[in-house]
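Worksheet for the structure shown next.
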Amino acid sequence: MTTATDGNRELEAGLDALELGPIEARRAWWRRALSGGLPPIVAMLALLGIWQLIVSTQHPVNLPTPSEVGNEFQAQWDLGRIQQAVGNSLYHGILGFLISAAVATPLGVLLARVSLLRRSFRPLVTGLQSLPSVVWVPAGILWFGLSARTLFFVVLMGAIPSIVNGTISGIDQVPPLYLRVGHVLGARGLTLARHVLLPAALPGYLGGLKQGWAFSWRSLMAAELIASSGSLGLGQIIEDARNISSFPGVIVGILAILVVGIAVDLVFFSPLERRVLKRRGLLTA
Amino acid sequence: MTVLDSLRRRHVPDTAEVDSAAVVVDGLTKRFGRGPLILDDISLRVAPGEFLCILGASGCGKSTLLNLIAGLEQPTAGRVAVPGHKPSLMFQEPALYPWLTAAENIGLALKLRGVDKGERKDQIERLLSLVRLDGAGAKRPHELSGGMRQRVALARALAQDSQVLLMDEPFAALDAITRDVLHDELTRIREEVGATVLFVTHNVREAVRLGDRVVLLSSRPGRVANTFAVGIPQPRRIESPEVAALSVEITEHLRTEIRRHAQAPTR
Ligand SMILES: Nc1ncnc2c1ncn2[C@@H]1O[C@H](COP(=O)(O)OP(=O)(O)OP(=O)(O)O)[C@@H](O)[C@H]1O
Ligand SMILES: [Mg+2]
């Protein structure tokens, strides 16, 4: 009897080992950084090359060379304008985004779980999401004047619908089986939400947050372009350059907005998303 | 239906009767909304510590029966009693939570049962070693093989510390060798914890390999067609002649059941 059980134990260990396969060694960090970071850098350099090529062969009137833009950037940097604008815009964008997330998350959970609310408000939320946030700028100016409150207002109107929708679809994607298991394990109501529903909805919810950030950033730039408030923002850098017909200045502003948007995604959202997906085995490689 | 029939249908066993059984199913009838009758007047009585296999063709209502016993569905008529226990249920898929490690999956069941933090750790260790997964607690479900996942799911079901374990085709998706090993494990674990098991399957040999008793359900609607006592001592081997002989007999009954539907026009 003992030998039969031992044989079984070995058989089982063998099956487990076979199914799991050999453990792959982790690649060194610099190799991973290189393979992740190199392609986009090469792509950027290639685009710069094409830009330079067009300028030096076609000589278009209204297109500055990369070096003109570089000089303009240097000049504004030396004046401290870039740093100040990036700081202010990030501050308004991130704070606005956080407020949006705090408002939109409970709203999303409520709309996802209460069928009457969902049927009543979902179409409106979806409609608001496709509304360009610029349209809120005049209303914001009339209500709040040329102040930071207008900026926050426009950011909130842009980001909240998108985070609400992301939360709803995150919850909708939770397999019903998870909820049934939770039920069998004795979880009800808030306990079920905390231990099963919300963690299960996390990947979809993160997608919603990421999109919410994109909407926050876009809305903020629209607002800054039109409603120059007291503090200097990236949108205003573009507007100021346009006022003095400085094409390199306009491009410096656009590039700065682009770079900051990419950086926030690379530094914050992408690693977070990767981590969550990887822990759940939803990410290969 | 005669008056006597309807009286019998509503007959509620007295307390002594209920106390002596681990699971009582009485005149259980189920239809979903205005759909066809799925289960019709099913009565079962499972003794404490008994291993009962419920056998039936695909779609005959086996899962529905277990869900009713687990309280996940409400009966249309009849009743279910699981005196003193909230049964635990193991699904066909392992249904482990992918955001938790194996140990945390088991720990969640303990936590929801109200086991405090200090004791949880010991219990997790004990349960993992019961299903022979010592050392795999830190792994996440996607890092485990199918058989290992079902063992974690079994440990999680056992963590509910219910004396009644409902299992819905838990090994159907596994390969034959893994399934054989898990049959041995289940037999061993059942003896160790002394639980009552209701095990649903459409695999006749599996039913005979595991069960003390095999209940054969008919299809559309599901009724108890036959009950077989399996008098073969454990541990059994699925390839043993005794298991094979009884399997042949039961398969014959199952075939007859299925053939009936060839003659009857389908609804
Ligand atoms: N929630 C539901 N609503 C409507 N019909 C259902 C529902 N659940 C099950 N059914 C029906 O009840 C019948 C029995 O389903 P059930 O899942 O219980 O069968 P089963 O014996 O477990 O089948 P399988 O062997 O495929 O697992 C099926 O015809 C199915 O379509
Ligand atoms: Mg089923």
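Scheme for the structure tokens: letters A, B, ... for chains in order shown; per-chain residue numbers from 1; ligand numbers from 1 in order shown.
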
Exercise for the section: Could you give me, as a ChimeraX atom specification, the residues within 12 Å of Asn67 in chain B, counting only C-alpha atoms and dropping anything in the same chain fewer than 6 positions from it? Expected result: /A:180-181,183-184 /B:30,61,73-75,80,87-91,166-168,198,200

Since we have the selection now, will you write its residues out, keeping all heavy atoms, as a compact mmCIF listing (two decimals), in the first residue's frame?
# COMPACT_ATOMS: atom_id res chain seq x y z
N ARG A 180 -19.96 33.31 -9.55
CA ARG A 180 -20.60 32.13 -8.97
C ARG A 180 -19.68 31.49 -7.94
O ARG A 180 -20.13 31.07 -6.87
CB ARG A 180 -20.93 31.10 -10.07
CG ARG A 180 -22.06 31.54 -10.96
CD ARG A 180 -22.21 30.61 -12.16
NE ARG A 180 -23.05 29.46 -11.89
CZ ARG A 180 -24.36 29.47 -12.01
NH1 ARG A 180 -24.98 30.58 -12.37
NH2 ARG A 180 -25.07 28.40 -11.75
N VAL A 181 -18.39 31.40 -8.27
CA VAL A 181 -17.44 30.84 -7.31
C VAL A 181 -17.45 31.69 -6.03
O VAL A 181 -17.52 31.15 -4.92
CB VAL A 181 -16.01 30.80 -7.90
CG1 VAL A 181 -15.00 30.44 -6.83
CG2 VAL A 181 -15.95 29.80 -9.04
N HIS A 183 -19.80 33.44 -4.87
CA HIS A 183 -21.06 33.16 -4.18
C HIS A 183 -20.95 31.87 -3.37
O HIS A 183 -21.34 31.82 -2.21
CB HIS A 183 -22.15 33.03 -5.24
CG HIS A 183 -23.52 33.31 -4.72
ND1 HIS A 183 -24.02 34.57 -4.62
CD2 HIS A 183 -24.47 32.48 -4.25
CE1 HIS A 183 -25.25 34.52 -4.12
NE2 HIS A 183 -25.54 33.26 -3.88
N VAL A 184 -20.41 30.81 -4.01
CA VAL A 184 -20.25 29.54 -3.31
C VAL A 184 -19.33 29.69 -2.11
O VAL A 184 -19.54 29.09 -1.05
CB VAL A 184 -19.70 28.46 -4.28
CG1 VAL A 184 -19.28 27.21 -3.52
CG2 VAL A 184 -20.75 28.11 -5.32
N LYS B 30 -37.39 21.37 -11.82
CA LYS B 30 -36.84 22.65 -12.27
C LYS B 30 -37.16 22.90 -13.73
O LYS B 30 -36.99 22.03 -14.59
CB LYS B 30 -35.31 22.65 -12.09
CG LYS B 30 -34.62 23.91 -12.57
CD LYS B 30 -34.89 25.10 -11.65
CE LYS B 30 -34.29 26.38 -12.19
NZ LYS B 30 -34.65 27.54 -11.36
N GLY B 61 -29.12 17.78 -17.30
CA GLY B 61 -29.47 18.58 -16.12
C GLY B 61 -28.62 18.29 -14.90
O GLY B 61 -28.98 18.66 -13.79
N GLU B 73 -29.30 28.11 -7.68
CA GLU B 73 -30.56 28.25 -8.41
C GLU B 73 -31.69 27.92 -7.44
O GLU B 73 -31.47 27.24 -6.44
CB GLU B 73 -30.64 27.24 -9.57
CG GLU B 73 -29.51 27.32 -10.58
CD GLU B 73 -29.75 28.35 -11.66
OE1 GLU B 73 -30.77 29.06 -11.55
OE2 GLU B 73 -28.91 28.45 -12.56
N GLN B 74 -32.89 28.42 -7.75
CA GLN B 74 -34.05 28.10 -6.92
C GLN B 74 -34.90 27.05 -7.60
O GLN B 74 -35.13 27.13 -8.81
CB GLN B 74 -34.89 29.37 -6.68
CG GLN B 74 -34.18 30.41 -5.83
CD GLN B 74 -33.65 29.82 -4.53
OE1 GLN B 74 -34.38 29.15 -3.79
NE2 GLN B 74 -32.36 30.02 -4.26
N PRO B 75 -35.39 26.03 -6.84
CA PRO B 75 -36.21 24.99 -7.47
C PRO B 75 -37.58 25.53 -7.87
O PRO B 75 -38.08 26.47 -7.26
CB PRO B 75 -36.34 23.93 -6.36
CG PRO B 75 -36.00 24.62 -5.09
CD PRO B 75 -35.10 25.77 -5.43
N VAL B 80 -34.59 21.00 -1.28
CA VAL B 80 -33.24 20.48 -1.06
C VAL B 80 -32.89 20.78 0.38
O VAL B 80 -33.15 21.88 0.85
CB VAL B 80 -32.24 21.19 -1.99
CG1 VAL B 80 -30.82 20.89 -1.58
CG2 VAL B 80 -32.48 20.81 -3.43
N PRO B 87 -22.95 23.53 1.43
CA PRO B 87 -22.07 22.68 0.63
C PRO B 87 -21.05 23.49 -0.16
O PRO B 87 -21.30 24.64 -0.51
CB PRO B 87 -23.04 21.96 -0.32
CG PRO B 87 -24.27 22.78 -0.31
CD PRO B 87 -24.35 23.51 0.98
N SER B 88 -19.90 22.90 -0.40
CA SER B 88 -18.95 23.56 -1.28
C SER B 88 -19.04 22.91 -2.66
O SER B 88 -19.41 21.76 -2.78
CB SER B 88 -17.54 23.48 -0.73
OG SER B 88 -17.16 22.14 -0.58
N LEU B 89 -18.74 23.70 -3.67
CA LEU B 89 -18.97 23.25 -5.05
C LEU B 89 -17.71 23.44 -5.87
O LEU B 89 -17.06 24.48 -5.81
CB LEU B 89 -20.13 24.08 -5.65
CG LEU B 89 -20.46 23.91 -7.13
CD1 LEU B 89 -20.84 22.49 -7.46
CD2 LEU B 89 -21.60 24.85 -7.52
N MET B 90 -17.36 22.41 -6.60
CA MET B 90 -16.21 22.48 -7.49
C MET B 90 -16.71 22.42 -8.92
O MET B 90 -17.45 21.52 -9.28
CB MET B 90 -15.31 21.28 -7.21
CG MET B 90 -13.85 21.57 -7.24
SD MET B 90 -12.97 20.04 -6.92
CE MET B 90 -11.82 20.10 -8.28
N PHE B 91 -16.31 23.41 -9.72
CA PHE B 91 -16.84 23.51 -11.07
C PHE B 91 -15.99 22.71 -12.05
O PHE B 91 -14.88 22.29 -11.73
CB PHE B 91 -16.87 24.96 -11.52
CG PHE B 91 -17.82 25.82 -10.72
CD1 PHE B 91 -17.41 26.40 -9.54
CD2 PHE B 91 -19.11 26.02 -11.15
CE1 PHE B 91 -18.27 27.19 -8.80
CE2 PHE B 91 -19.99 26.81 -10.42
CZ PHE B 91 -19.57 27.39 -9.24
N LEU B 166 -19.69 19.12 -3.45
CA LEU B 166 -20.35 18.88 -4.73
C LEU B 166 -19.32 19.07 -5.83
O LEU B 166 -18.62 20.08 -5.86
CB LEU B 166 -21.50 19.88 -4.92
CG LEU B 166 -22.48 20.02 -3.76
CD1 LEU B 166 -23.47 21.14 -4.04
CD2 LEU B 166 -23.22 18.72 -3.52
N MET B 167 -19.22 18.11 -6.73
CA MET B 167 -18.20 18.21 -7.78
C MET B 167 -18.85 18.04 -9.14
O MET B 167 -19.48 17.03 -9.42
CB MET B 167 -17.12 17.15 -7.56
CG MET B 167 -16.50 17.22 -6.16
SD MET B 167 -15.24 15.96 -5.87
CE MET B 167 -13.82 16.73 -6.60
N ASP B 168 -18.68 19.04 -10.00
CA ASP B 168 -19.33 19.03 -11.32
C ASP B 168 -18.29 18.70 -12.40
O ASP B 168 -17.60 19.59 -12.87
CB ASP B 168 -19.98 20.39 -11.58
CG ASP B 168 -20.86 20.38 -12.82
OD1 ASP B 168 -20.93 19.33 -13.48
OD2 ASP B 168 -21.46 21.42 -13.12
N LEU B 198 -20.92 14.44 -3.67
CA LEU B 198 -21.81 14.24 -4.81
C LEU B 198 -21.01 14.58 -6.05
O LEU B 198 -20.62 15.73 -6.25
CB LEU B 198 -23.02 15.19 -4.73
CG LEU B 198 -24.32 14.51 -4.35
CD1 LEU B 198 -24.39 14.45 -2.84
CD2 LEU B 198 -25.50 15.28 -4.90
N VAL B 200 -20.65 14.60 -10.12
CA VAL B 200 -21.37 14.52 -11.38
C VAL B 200 -20.41 14.18 -12.50
O VAL B 200 -19.30 14.70 -12.56
CB VAL B 200 -22.04 15.88 -11.67
CG1 VAL B 200 -22.28 16.07 -13.15
CG2 VAL B 200 -23.34 16.01 -10.91

Using only C-alpha atoms, what table do you get, as a tab-separated table, when you list each residue of chain B with an atom no more than 9 Å from chain A, its nearest pair of atoms, and their distance in Å rounded to one decimal, rows by chain then rising number?
residue	atom	partner	partner_atom	distance
B:Ala70	CA	A:Val184	CA	7.4
B:Gly71	CA	A:Val184	CA	8.4
B:Leu72	CA	A:Arg180	CA	7.6
B:Lys86	CA	A:Val184	CA	8.6
B:Pro87	CA	A:Val184	CA	8.1
B:Ser88	CA	A:Val184	CA	6.4
B:Leu89	CA	A:Val184	CA	6.6
B:Met90	CA	A:Val181	CA	8.5
B:Phe91	CA	A:Val181	CA	8.3
B:Ala95	CA	A:Tyr178	CA	6.6
B:Leu96	CA	A:Tyr178	CA	8.0
B:Tyr97	CA	A:Tyr178	CA	7.3
B:Pro98	CA	A:Arg280	CA	5.0
B:Trp99	CA	A:Arg280	CA	5.5
B:Leu100	CA	A:Arg280	CA	8.2
B:Leu108	CA	A:His195	CA	8.1
B:Ala109	CA	A:Leu185	CA	5.8
B:Leu110	CA	A:Leu185	CA	8.8
B:Leu112	CA	A:Gly186	CA	6.2
B:Arg113	CA	A:Gly186	CA	7.1
B:Arg132	CA	A:Arg9	CA	8.0
B:Arg140	CA	A:Arg280	CA	7.3
B:Pro141	CA	A:Arg280	CA	7.8
B:His142	CA	A:Gly281	CA	5.5
B:Glu143	CA	A:Leu20	CA	7.3
B:Leu144	CA	A:Leu20	CA	6.7
B:Ser145	CA	A:Glu19	CA	5.7
B:Gly146	CA	A:Glu19	CA	8.4
B:Gly147	CA	A:Asp16	CA	7.8
B:Met148	CA	A:Asp16	CA	7.1
B:Arg156	CA	A:Leu185	CA	8.9
B:Ala157	CA	A:Leu185	CA	8.2
B:Gln160	CA	A:Leu185	CA	7.0
B:Ile177	CA	A:Leu15	CA	8.7
B:Thr178	CA	A:Leu15	CA	7.3
B:Val181	CA	A:Asn8	CA	6.8
B:Leu182	CA	A:Glu12	CA	8.8
B:Asp184	CA	A:Asn8	CA	8.2
B:Glu185	CA	A:Asn8	CA	8.7

Export, as a compact mmCIF listing (two decimals), in the first residue's frame, the selected residues with N, CA and C atoms.
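Heads up, here's the output in result_5.txt:
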# COMPACT_ATOMS: atom_id res chain seq x y z
N ALA B 70 -26.50 23.44 -4.35
CA ALA B 70 -25.58 24.45 -3.80
C ALA B 70 -26.31 25.75 -3.49
N GLY B 71 -27.56 25.87 -3.93
CA GLY B 71 -28.31 27.09 -3.66
C GLY B 71 -28.04 28.20 -4.66
N LEU B 72 -27.41 27.86 -5.79
CA LEU B 72 -27.15 28.87 -6.83
C LEU B 72 -28.39 29.09 -7.69
N LYS B 86 -23.23 24.28 4.60
CA LYS B 86 -23.34 24.99 3.35
C LYS B 86 -22.41 24.23 2.42
N PRO B 87 -22.95 23.53 1.43
CA PRO B 87 -22.07 22.68 0.63
C PRO B 87 -21.05 23.49 -0.16
N SER B 88 -19.90 22.90 -0.40
CA SER B 88 -18.95 23.56 -1.28
C SER B 88 -19.04 22.91 -2.66
N LEU B 89 -18.74 23.70 -3.67
CA LEU B 89 -18.97 23.25 -5.05
C LEU B 89 -17.71 23.44 -5.87
N MET B 90 -17.36 22.41 -6.60
CA MET B 90 -16.21 22.48 -7.49
C MET B 90 -16.71 22.42 -8.92
N PHE B 91 -16.31 23.41 -9.72
CA PHE B 91 -16.84 23.51 -11.07
C PHE B 91 -15.99 22.71 -12.05
N ALA B 95 -11.60 27.52 -12.33
CA ALA B 95 -12.15 28.81 -11.90
C ALA B 95 -11.37 29.40 -10.74
N LEU B 96 -10.04 29.27 -10.78
CA LEU B 96 -9.21 29.94 -9.78
C LEU B 96 -9.14 31.41 -10.16
N TYR B 97 -8.94 32.29 -9.19
CA TYR B 97 -8.83 33.70 -9.49
C TYR B 97 -7.41 34.01 -9.96
N PRO B 98 -7.25 34.52 -11.20
CA PRO B 98 -5.92 34.68 -11.77
C PRO B 98 -5.09 35.77 -11.09
N TRP B 99 -5.75 36.66 -10.33
CA TRP B 99 -4.97 37.72 -9.68
C TRP B 99 -4.42 37.28 -8.33
N LEU B 100 -4.73 36.05 -7.93
CA LEU B 100 -4.23 35.53 -6.66
C LEU B 100 -3.31 34.34 -6.92
N LEU B 108 -8.39 32.92 0.41
CA LEU B 108 -9.62 33.70 0.28
C LEU B 108 -10.83 32.91 0.78
N ALA B 109 -10.85 31.60 0.43
CA ALA B 109 -11.95 30.76 0.91
C ALA B 109 -11.96 30.73 2.43
N LEU B 110 -10.76 30.63 3.04
CA LEU B 110 -10.67 30.61 4.50
C LEU B 110 -11.14 31.94 5.08
N LEU B 112 -13.14 34.20 3.77
CA LEU B 112 -14.58 34.41 3.64
C LEU B 112 -15.35 33.52 4.62
N ARG B 113 -14.68 32.47 5.11
CA ARG B 113 -15.32 31.61 6.11
C ARG B 113 -15.12 32.20 7.50
N ARG B 132 -1.06 17.55 -2.25
CA ARG B 132 0.32 17.32 -2.69
C ARG B 132 0.84 18.44 -3.57
N ARG B 140 1.14 31.26 -9.56
CA ARG B 140 -0.14 31.78 -10.01
C ARG B 140 -0.82 30.74 -10.90
N PRO B 141 -2.16 30.79 -10.98
CA PRO B 141 -2.88 29.75 -11.71
C PRO B 141 -2.33 29.48 -13.11
N HIS B 142 -1.94 30.55 -13.83
CA HIS B 142 -1.48 30.33 -15.20
C HIS B 142 -0.14 29.62 -15.26
N GLU B 143 0.56 29.55 -14.11
CA GLU B 143 1.85 28.86 -14.10
C GLU B 143 1.67 27.38 -13.75
N LEU B 144 0.44 26.95 -13.48
CA LEU B 144 0.20 25.57 -13.08
C LEU B 144 -0.38 24.77 -14.24
N SER B 145 -0.18 23.44 -14.21
CA SER B 145 -0.78 22.59 -15.23
C SER B 145 -2.26 22.39 -14.89
N GLY B 146 -3.01 21.84 -15.86
CA GLY B 146 -4.44 21.63 -15.65
C GLY B 146 -4.74 20.80 -14.41
N GLY B 147 -3.95 19.72 -14.24
CA GLY B 147 -4.18 18.86 -13.09
C GLY B 147 -3.87 19.57 -11.77
N MET B 148 -2.81 20.37 -11.79
CA MET B 148 -2.44 21.11 -10.57
C MET B 148 -3.52 22.14 -10.23
N ARG B 156 -9.24 24.51 -2.40
CA ARG B 156 -10.08 25.66 -2.07
C ARG B 156 -11.48 25.22 -1.63
N ALA B 157 -12.00 24.18 -2.32
CA ALA B 157 -13.31 23.67 -1.92
C ALA B 157 -13.24 23.08 -0.52
N GLN B 160 -13.41 25.36 2.59
CA GLN B 160 -14.69 25.81 3.11
C GLN B 160 -15.13 24.97 4.30
N ILE B 177 -4.22 9.95 -17.95
CA ILE B 177 -3.30 9.57 -16.87
C ILE B 177 -3.46 10.52 -15.68
N THR B 178 -3.53 11.82 -15.97
CA THR B 178 -3.73 12.79 -14.89
C THR B 178 -5.03 12.48 -14.16
N VAL B 181 -4.67 9.57 -11.78
CA VAL B 181 -3.96 9.97 -10.56
C VAL B 181 -4.89 10.75 -9.65
N LEU B 182 -5.67 11.64 -10.23
CA LEU B 182 -6.57 12.45 -9.40
C LEU B 182 -7.69 11.62 -8.80
N ASP B 184 -7.25 8.59 -7.71
CA ASP B 184 -6.62 8.02 -6.51
C ASP B 184 -6.53 9.05 -5.40
N GLU B 185 -6.14 10.29 -5.80
CA GLU B 185 -6.01 11.35 -4.81
C GLU B 185 -7.34 11.65 -4.13

Practice task
Throw together the list of residues within 12 Å of ligand 2, counting only C-alpha atoms and all ligand atoms, and drop it here as a VMD selection string.
Solution key: chain B and resid 54 to 67 90 to 93 167 to 170 172 199 to 202

Handout entry: Of the listed residues B:Glu104, B:Glu50, B:Asp41, B:Asp116, that which approaches Val164 in chain B most closely, counting only C-alpha atoms
Key = B:Glu50

Exercise for the section: Name all residues at most 8 Å from range 94-100 of chain A (count only C-alpha atoms; drop same-chain ones fewer than 6 positions away) and give them as a list of chain:residue names. Expected result: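 Contacts, with the query itself left out: A:Phe152, A:Val155, A:Leu156, A:Ala159, A:Ile160, A:Ile163, A:Gly212, A:Trp213, A:Ser216.
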